[in-house]
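Colleague: Contents of input_27.tsv (TSV, C-alpha atoms) are given next:
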chain	number	residue	atom	x	y	z
H	44	HIS	CA	56.84	-34.35	-66.49
H	45	ALA	CA	56.28	-31.81	-69.25
H	46	ARG	CA	53.04	-33.50	-70.29
H	47	THR	CA	51.78	-33.47	-66.69
H	48	VAL	CA	52.49	-29.75	-66.41
H	49	ILE	CA	50.59	-29.09	-69.65
H	50	GLU	CA	47.63	-31.21	-68.56
H	51	HIS	CA	47.36	-29.35	-65.25
H	52	ALA	CA	47.72	-25.96	-66.93
H	53	ASN	CA	44.14	-26.20	-68.27
H	54	ILE	CA	45.16	-25.08	-71.74
H	55	ALA	CA	42.15	-26.55	-73.54
H	56	PRO	CA	40.10	-23.31	-73.38
H	57	VAL	CA	43.07	-21.38	-74.76
H	58	LEU	CA	43.30	-23.80	-77.69
H	59	THR	CA	39.81	-22.75	-78.80
H	60	ALA	CA	41.13	-19.28	-79.55
H	61	LEU	CA	44.29	-20.63	-81.19
H	62	LEU	CA	42.40	-23.02	-83.49
H	63	THR	CA	40.28	-20.12	-84.75
H	64	HIS	CA	43.12	-17.58	-84.94
H	65	ALA	CA	43.35	-15.35	-88.01
H	66	GLU	CA	46.91	-16.51	-88.74
H	67	GLY	CA	47.23	-19.89	-90.42
H	68	SER	CA	50.59	-20.54	-88.78
H	69	VAL	CA	48.99	-20.22	-85.34
H	70	ARG	CA	46.15	-22.60	-86.26
H	71	ALA	CA	48.69	-25.10	-87.61
H	72	LYS	CA	50.80	-24.99	-84.44
H	73	ALA	CA	47.70	-25.42	-82.27
H	74	CYS	CA	46.70	-28.51	-84.26
H	75	ASN	CA	50.22	-29.88	-83.97
H	76	LEU	CA	50.19	-29.30	-80.21
H	77	ILE	CA	46.92	-31.21	-79.82
H	78	GLY	CA	48.30	-34.03	-81.95
H	79	ASN	CA	51.32	-34.31	-79.69
H	80	LEU	CA	49.21	-34.12	-76.51
H	81	CYS	CA	47.25	-37.12	-77.82
H	82	ARG	CA	50.25	-39.03	-79.11
H	83	HIS	CA	50.99	-41.31	-76.15
H	84	SER	CA	47.70	-41.69	-74.26
H	85	ALA	CA	44.03	-40.78	-74.11
H	86	ALA	CA	44.55	-38.49	-71.11
H	87	PHE	CA	43.75	-35.36	-73.13
H	88	TYR	CA	40.59	-36.83	-74.72
H	89	PRO	CA	38.14	-35.64	-72.01
H	90	PRO	CA	39.34	-32.00	-72.20
H	91	LEU	CA	39.07	-32.17	-76.01
H	92	ARG	CA	35.46	-33.28	-75.67
H	93	ALA	CA	34.54	-30.90	-72.85
H	94	ASN	CA	35.83	-27.85	-74.72
H	95	GLY	CA	34.43	-28.68	-78.16
H	96	LEU	CA	37.89	-28.95	-79.69
H	97	VAL	CA	37.16	-32.00	-81.84
H	98	ALA	CA	34.68	-30.07	-83.98
H	99	LEU	CA	37.27	-27.31	-84.41
H	100	LEU	CA	39.88	-29.85	-85.51
H	101	ALA	CA	37.43	-31.23	-88.06
H	102	HIS	CA	36.91	-27.69	-89.34
H	103	CYS	CA	40.69	-27.22	-89.55
H	104	CYS	CA	40.89	-30.28	-91.82
H	105	ALA	CA	39.15	-28.10	-94.44
H	106	ASP	CA	41.26	-25.03	-93.71
H	107	ILE	CA	42.57	-22.87	-96.57
H	108	ASP	CA	46.03	-23.17	-94.99
H	109	GLY	CA	47.93	-26.31	-96.04
H	110	PRO	CA	49.97	-26.85	-92.85
H	111	THR	CA	46.81	-26.43	-90.77
H	112	ARG	CA	45.13	-29.21	-92.75
H	113	LYS	CA	48.19	-31.41	-92.37
H	114	PHE	CA	48.45	-31.02	-88.60
H	115	ALA	CA	44.68	-31.19	-88.09
H	116	ALA	CA	44.69	-34.61	-89.79
H	117	PHE	CA	47.61	-35.61	-87.55
H	118	ALA	CA	45.67	-34.49	-84.47
H	119	ILE	CA	42.48	-36.29	-85.54
H	120	GLY	CA	44.46	-39.48	-86.09
H	121	ASN	CA	45.87	-39.38	-82.58
H	122	ALA	CA	42.49	-38.39	-81.11
H	123	ALA	CA	41.11	-41.63	-82.56
H	124	PHE	CA	44.06	-43.88	-81.76
H	125	HIS	CA	43.85	-44.82	-78.07
H	126	SER	CA	40.10	-45.35	-77.55
H	127	GLU	CA	36.68	-44.81	-79.11
H	128	LEU	CA	35.76	-42.08	-76.60
H	129	LEU	CA	35.79	-39.29	-79.20
H	130	TYR	CA	34.33	-41.28	-82.11
H	131	PRO	CA	30.90	-39.60	-81.94
H	132	GLU	CA	32.52	-36.17	-82.30
H	133	LEU	CA	35.08	-37.42	-84.82
H	134	ARG	CA	32.26	-38.35	-87.20
H	135	GLU	CA	32.39	-34.73	-88.41
H	136	SER	CA	35.97	-35.19	-89.57
H	137	ILE	CA	35.26	-37.98	-92.08
H	138	GLN	CA	34.31	-35.81	-95.05
H	139	PRO	CA	37.16	-33.27	-94.71
H	140	LEU	CA	39.69	-36.08	-94.17
H	141	THR	CA	38.38	-37.81	-97.28
H	142	ALA	CA	38.76	-34.56	-99.22
H	143	ILE	CA	42.40	-34.28	-98.11
H	144	VAL	CA	43.18	-37.81	-99.31
H	145	LEU	CA	41.48	-37.10	-102.62
H	146	HIS	CA	42.59	-33.56	-103.41
H	147	ASP	CA	45.46	-32.26	-101.25
H	148	SER	CA	48.70	-31.54	-103.11
H	149	ASP	CA	50.89	-32.36	-100.10
H	150	SER	CA	51.77	-36.06	-99.75
H	151	LYS	CA	52.30	-35.82	-95.97
H	152	SER	CA	48.84	-34.31	-95.53
H	153	ARG	CA	47.32	-37.12	-97.56
H	154	ALA	CA	49.22	-39.72	-95.53
H	155	ASN	CA	48.05	-38.15	-92.25
H	156	ALA	CA	44.44	-38.10	-93.45
H	157	ALA	CA	44.56	-41.68	-94.72
H	158	GLY	CA	45.95	-42.81	-91.38
H	159	ALA	CA	43.30	-40.87	-89.47
H	160	LEU	CA	40.51	-42.54	-91.45
H	161	GLY	CA	41.94	-45.93	-90.51
H	162	ASN	CA	42.15	-44.95	-86.86
H	163	LEU	CA	38.43	-44.16	-86.89
H	164	VAL	CA	37.84	-47.93	-86.90
H	165	ARG	CA	40.83	-48.91	-84.75
H	166	ASN	CA	38.79	-49.28	-81.55
H	167	SER	CA	35.26	-50.04	-82.78
H	168	GLY	CA	33.11	-50.22	-85.89
H	169	VAL	CA	30.66	-47.54	-84.83
H	170	LEU	CA	31.70	-45.26	-87.71
H	171	CYS	CA	31.82	-47.92	-90.45
H	172	ASP	CA	28.45	-47.04	-91.95
H	173	GLU	CA	29.36	-43.36	-92.09
H	174	LEU	CA	32.72	-44.13	-93.70
H	175	ILE	CA	30.91	-46.16	-96.35
H	176	ARG	CA	28.18	-43.56	-96.87
H	177	THR	CA	30.66	-40.71	-97.40
H	178	GLY	CA	32.72	-42.67	-99.91
H	179	ALA	CA	35.84	-42.74	-97.73
H	180	LEU	CA	36.52	-46.39	-98.55
H	181	GLY	CA	36.49	-45.71	-102.27
H	182	VAL	CA	38.80	-42.74	-101.87
H	183	LEU	CA	41.31	-44.83	-99.91
H	184	ALA	CA	41.12	-47.52	-102.58
H	185	THR	CA	41.81	-44.87	-105.23
H	186	ALA	CA	44.87	-43.70	-103.29
H	187	VAL	CA	46.22	-47.26	-103.32
H	188	GLU	CA	46.11	-47.36	-107.12
H	189	ARG	CA	49.23	-45.16	-107.19
H	190	TRP	CA	51.32	-47.98	-105.75
H	191	ARG	CA	53.63	-48.28	-108.77
H	192	VAL	CA	55.64	-45.13	-107.93
H	193	PRO	CA	59.35	-45.64	-107.07
H	194	ARG	CA	60.24	-46.23	-103.43
H	195	SER	CA	62.07	-42.89	-103.36
H	196	ASP	CA	58.88	-41.05	-104.36
H	197	PRO	CA	57.05	-39.27	-101.48
H	198	GLU	CA	53.80	-40.42	-103.09
H	199	LEU	CA	54.52	-43.95	-101.86
H	200	GLN	CA	53.82	-43.12	-98.20
H	201	PRO	CA	50.16	-42.08	-98.68
H	202	CYS	CA	49.68	-45.28	-100.64
H	203	ARG	CA	51.19	-47.38	-97.85
H	204	ILE	CA	49.09	-45.68	-95.18
H	205	ALA	CA	45.90	-45.94	-97.25
H	206	LEU	CA	46.55	-49.65	-97.72
H	207	PHE	CA	47.09	-50.15	-93.99
H	208	SER	CA	43.89	-48.25	-93.20
H	209	LEU	CA	41.96	-50.38	-95.68
H	210	GLY	CA	43.27	-53.43	-93.85
H	211	SER	CA	41.87	-52.03	-90.61
H	212	LEU	CA	38.52	-51.37	-92.29
H	213	CYS	CA	38.48	-54.97	-93.51
H	214	SER	CA	38.10	-56.09	-89.90
H	215	TYR	CA	34.40	-55.23	-90.22
H	216	SER	CA	31.96	-57.17	-92.35
H	217	GLN	CA	30.12	-54.18	-93.81
H	218	CYS	CA	33.40	-52.66	-94.93
H	219	ARG	CA	34.61	-55.95	-96.41
H	220	ASP	CA	31.36	-56.25	-98.33
H	221	ALA	CA	31.66	-52.70	-99.66
H	222	LEU	CA	35.29	-53.14	-100.66
H	223	SER	CA	34.69	-56.54	-102.26
H	224	ALA	CA	32.34	-54.81	-104.69
H	225	THR	CA	35.18	-52.55	-105.93
H	226	ASP	CA	38.40	-53.21	-107.83
H	227	LEU	CA	40.34	-53.42	-104.56
H	228	PRO	CA	40.60	-57.26	-104.45
H	229	ASP	CA	42.25	-57.25	-107.88
H	230	VAL	CA	44.50	-54.31	-106.97
H	231	VAL	CA	45.79	-55.89	-103.74
H	232	ALA	CA	46.36	-59.20	-105.50
H	233	THR	CA	48.49	-57.41	-108.09
H	234	ILE	CA	50.41	-55.50	-105.40
H	235	ALA	CA	51.06	-58.70	-103.44
H	236	HIS	CA	52.39	-60.39	-106.59
H	237	GLU	CA	54.25	-57.57	-108.34
H	238	SER	CA	55.30	-54.84	-105.90
H	239	GLY	CA	58.97	-54.50	-105.06
H	240	ASP	CA	58.08	-52.72	-101.81
H	241	ASP	CA	58.01	-55.05	-98.80
H	242	VAL	CA	55.63	-52.80	-96.84
H	243	LEU	CA	53.10	-52.63	-99.66
H	244	ARG	CA	53.22	-56.40	-100.13
H	245	LYS	CA	52.73	-57.00	-96.40
H	246	TYR	CA	49.72	-54.69	-96.21
H	247	ALA	CA	48.24	-56.07	-99.43
H	248	LEU	CA	48.51	-59.64	-98.17
H	249	ARG	CA	46.81	-58.57	-94.93
H	250	ILE	CA	43.81	-57.24	-96.89
H	251	LYS	CA	43.79	-60.22	-99.25
H	252	SER	CA	43.69	-62.63	-96.31
H	253	LYS	CA	40.80	-60.82	-94.64
H	254	LEU	CA	38.75	-60.60	-97.83
H	255	GLU	CA	39.35	-64.25	-98.72
H	256	SER	CA	38.53	-65.44	-95.18
H	257	SER	CA	35.29	-63.49	-95.29
H	258	ALA	CA	34.40	-64.94	-98.69
H	259	ALA	CA	35.13	-68.46	-97.46
H	260	VAL	CA	32.86	-67.98	-94.45
H	261	GLY	CA	30.13	-66.69	-96.74
H	262	VAL	CA	30.39	-69.74	-98.99
H	263	ALA	CA	30.35	-72.10	-96.01
H	264	ARG	CA	27.21	-70.48	-94.60
H	265	SER	CA	25.41	-70.51	-97.93
H	266	SER	CA	26.12	-74.20	-98.41
Kindly present the structure from the file in structure tokens form.
Modeller:
Amino acid sequence: HARTVIEHANIAPVLTALLTHAEGSVRAKACNLIGNLCRHSAAFYPPLRANGLVALLAHCCADIDGPTRKFAAFAIGNAAFHSELLYPELRESIQPLTAIVLHDSDSKSRANAAGALGNLVRNSGVLCDELIRTGALGVLATAVERWRVPRSDPELQPCRIALFSLGSLCSYSQCRDALSATDLPDVVATIAHESGDDVLRKYALRIKSKLESSAAVGVARSS
């Protein structure tokens, strides 16, 4: 009921002002609100598009305010989750999301951004070439290399999410080809064999299976 009331309140135009507010705390709360409006369905996607809010969310991913970046990445992830409707607009978010994964000091922000990048291929491969071009795949692979941290360490969650997102990217041949040319196959093989974390092993085996299946198909075709 609450979501229906919000949807009929036509709040999207108001969110434009909130996402560009001078106070970082206001921008962060606006991003969080959008993330929650998009959590359970794609019903809010058309208003996001019609009011130009996706571009503002992408801008917020590069905000000077840490919580704004964190919740903007959360919102982008949910805006990509249910359908590919917003993928054309979400293209603008790839570079700032990649920068969060690579540079942000907050582990939750990095986890949100890593998850959002994976969601950008959840419903179609239309953004694969852009993800490759911007180096997002390599950045996610770099995040995975921190897998040896203890399970109590907050750094483990960005690693888990990055590994899951890489598994989603491996559903597409161009991404598999790009990742096969990196150290990722060796890294996931090591994780699958040595990690004491069940989640990491599961996600590593998922990637390993996709890469090996693709390689086997390639060999069969060449022969």
Colleague: Ranking H:Leu91, H:Cys81, H:Arg203, H:Ser211 by minimum distance to Leu58 (chain H) and counting only C-alpha atoms, which one comes first?
Modeller: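 Counting only C-alpha atoms, the residue closest to Leu58 (chain H) is H:Leu91.
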Colleague: Would you kindly return, as a PyMOL selection string, each protein, DNA or RNA residue with an atom no farther than 12 Å from any atom of Ile107 (chain H), considering only C-alpha atoms and excluding same-chain residues fewer than 6 positions away?
Modeller: chain H and resi 65-68+70-71+113+139+143+147
Colleague: Restricting the calculation to all atoms listed in the file: of H:Ala73, H:Leu128, H:Ile119, H:Ile137, which residue gets closest to Ala60 (chain H)?
Modeller: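 So, comparing all the options, the nearest one is H:Ala73.
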Colleague: Work out how far CA of Val164 (chain H) is from CA of Leu209 (chain H), in Å to one decimal.
Modeller: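 Interatomic distance here is 10.0 Å.
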Colleague: CA of Ile234 (chain H) and CA of Trp190 (chain H), how far apart in Å?
Modeller: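 Value for the CA of Trp190 (chain H)-CA of Ile234 (chain H) distance: 7.6 Å.
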Colleague: Give me, please, the distance in Å between CA of Gly158 (chain H) and CA of Asp220 (chain H), quoted to one decimal.
Modeller: 21.0 Å
Colleague: Name the residues within 9 Å of (43.9, -47.3, -111.7), counting only C-alpha atoms in the file's coordinates, and put them as a list of chain:residue names.
Modeller: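 Using only C-alpha atoms, the matching residues come out as H:Thr185, H:Val187, H:Glu188, H:Arg189, H:Asp226, H:Val230.
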Colleague: Go through H:Arg176, H:Arg191, H:His236, H:His146 one by one, measure the shortest atom-to-atom distance of each to Ala221 (chain H) using only C-alpha atoms, and give the residue with the smallest value.
Modeller: H:Arg176
Colleague: Between H:Ile77, H:Ala105, H:Leu212, H:Cys171, which is the closest to Arg134 (chain H) once you count only C-alpha atoms?
Modeller: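 Among H:Ile77, H:Ala105, H:Leu212, H:Cys171, it is H:Cys171 that comes nearest to Arg134 (chain H).
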Colleague: Within 12 Å of (33.8, -25.7, -76.1), in the coordinates the file gives, what residues turn up when you count only C-alpha atoms, written out as a PyMOL selection string?
Modeller: chain H and resi 55-60+62+89-100
Colleague: Choose the residue, out of H:Ser216, H:Thr225, H:Ser208, H:Asn166, that has the smallest atom-to-atom separation from Tyr246 (chain H); count all atoms listed in the file.
Modeller: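 Checking each of H:Ser216, H:Thr225, H:Ser208, H:Asn166 against Tyr246 (chain H), counting all atoms listed in the file, the winner is H:Ser208.
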Colleague: Just checking: using all atoms listed in the file, which residue out of H:Ala179, H:Ala159, H:Leu76, H:Ala86 ends up closest to Ala101 (chain H)?
Modeller: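 Answer, going by the shortest atom-to-atom distance: H:Ala159.
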Colleague: Fewer than 2 positions away in the same chain doesn't count, so skip those; otherwise give me all residues within 9 Å of region 148-155 of chain H, counting all atoms listed in the file, as a PDB file with C-alpha atoms, in the coordinates of the input.
Modeller:
ATOM      1  CA  GLY H 109      47.930 -26.310 -96.040  1.00  0.00           C
ATOM      2  CA  PRO H 110      49.970 -26.850 -92.850  1.00  0.00           C
ATOM      3  CA  ARG H 112      45.130 -29.210 -92.750  1.00  0.00           C
ATOM      4  CA  LYS H 113      48.190 -31.410 -92.370  1.00  0.00           C
ATOM      5  CA  PHE H 114      48.450 -31.020 -88.600  1.00  0.00           C
ATOM      6  CA  ALA H 115      44.680 -31.190 -88.090  1.00  0.00           C
ATOM      7  CA  ALA H 116      44.690 -34.610 -89.790  1.00  0.00           C
ATOM      8  CA  PHE H 117      47.610 -35.610 -87.550  1.00  0.00           C
ATOM      9  CA  ALA H 118      45.670 -34.490 -84.470  1.00  0.00           C
ATOM     10  CA  ILE H 119      42.480 -36.290 -85.540  1.00  0.00           C
ATOM     11  CA  GLY H 120      44.460 -39.480 -86.090  1.00  0.00           C
ATOM     12  CA  LEU H 140      39.690 -36.080 -94.170  1.00  0.00           C
ATOM     13  CA  THR H 141      38.380 -37.810 -97.280  1.00  0.00           C
ATOM     14  CA  ILE H 143      42.400 -34.280 -98.110  1.00  0.00           C
ATOM     15  CA  VAL H 144      43.180 -37.810 -99.310  1.00  0.00           C
ATOM     16  CA  LEU H 145      41.480 -37.100-102.620  1.00  0.00           C
ATOM     17  CA  HIS H 146      42.590 -33.560-103.410  1.00  0.00           C
ATOM     18  CA  ALA H 157      44.560 -41.680 -94.720  1.00  0.00           C
ATOM     19  CA  GLY H 158      45.950 -42.810 -91.380  1.00  0.00           C
ATOM     20  CA  ALA H 159      43.300 -40.870 -89.470  1.00  0.00           C
ATOM     21  CA  LEU H 160      40.510 -42.540 -91.450  1.00  0.00           C
ATOM     22  CA  PRO H 197      57.050 -39.270-101.480  1.00  0.00           C
ATOM     23  CA  GLU H 198      53.800 -40.420-103.090  1.00  0.00           C
ATOM     24  CA  LEU H 199      54.520 -43.950-101.860  1.00  0.00           C
ATOM     25  CA  GLN H 200      53.820 -43.120 -98.200  1.00  0.00           C
ATOM     26  CA  PRO H 201      50.160 -42.080 -98.680  1.00  0.00           C
ATOM     27  CA  CYS H 202      49.680 -45.280-100.640  1.00  0.00           C
ATOM     28  CA  ARG H 203      51.190 -47.380 -97.850  1.00  0.00           C
ATOM     29  CA  ILE H 204      49.090 -45.680 -95.180  1.00  0.00           C
ATOM     30  CA  ALA H 205      45.900 -45.940 -97.250  1.00  0.00           C
TER      31      ALA H 205
END
Colleague: For Leu254 (chain H), list every protein, DNA or RNA residue within 9 Å, evaluated using all atoms listed in the file, and leave out those in the same chain fewer than 4 positions away; present the list as a list in words.
Modeller: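 Answer for this query is Cys213, Arg219, Asp220, Leu222, Ser223, Pro228, Arg249, Ile250, Ala258 and Ala259 of chain H.
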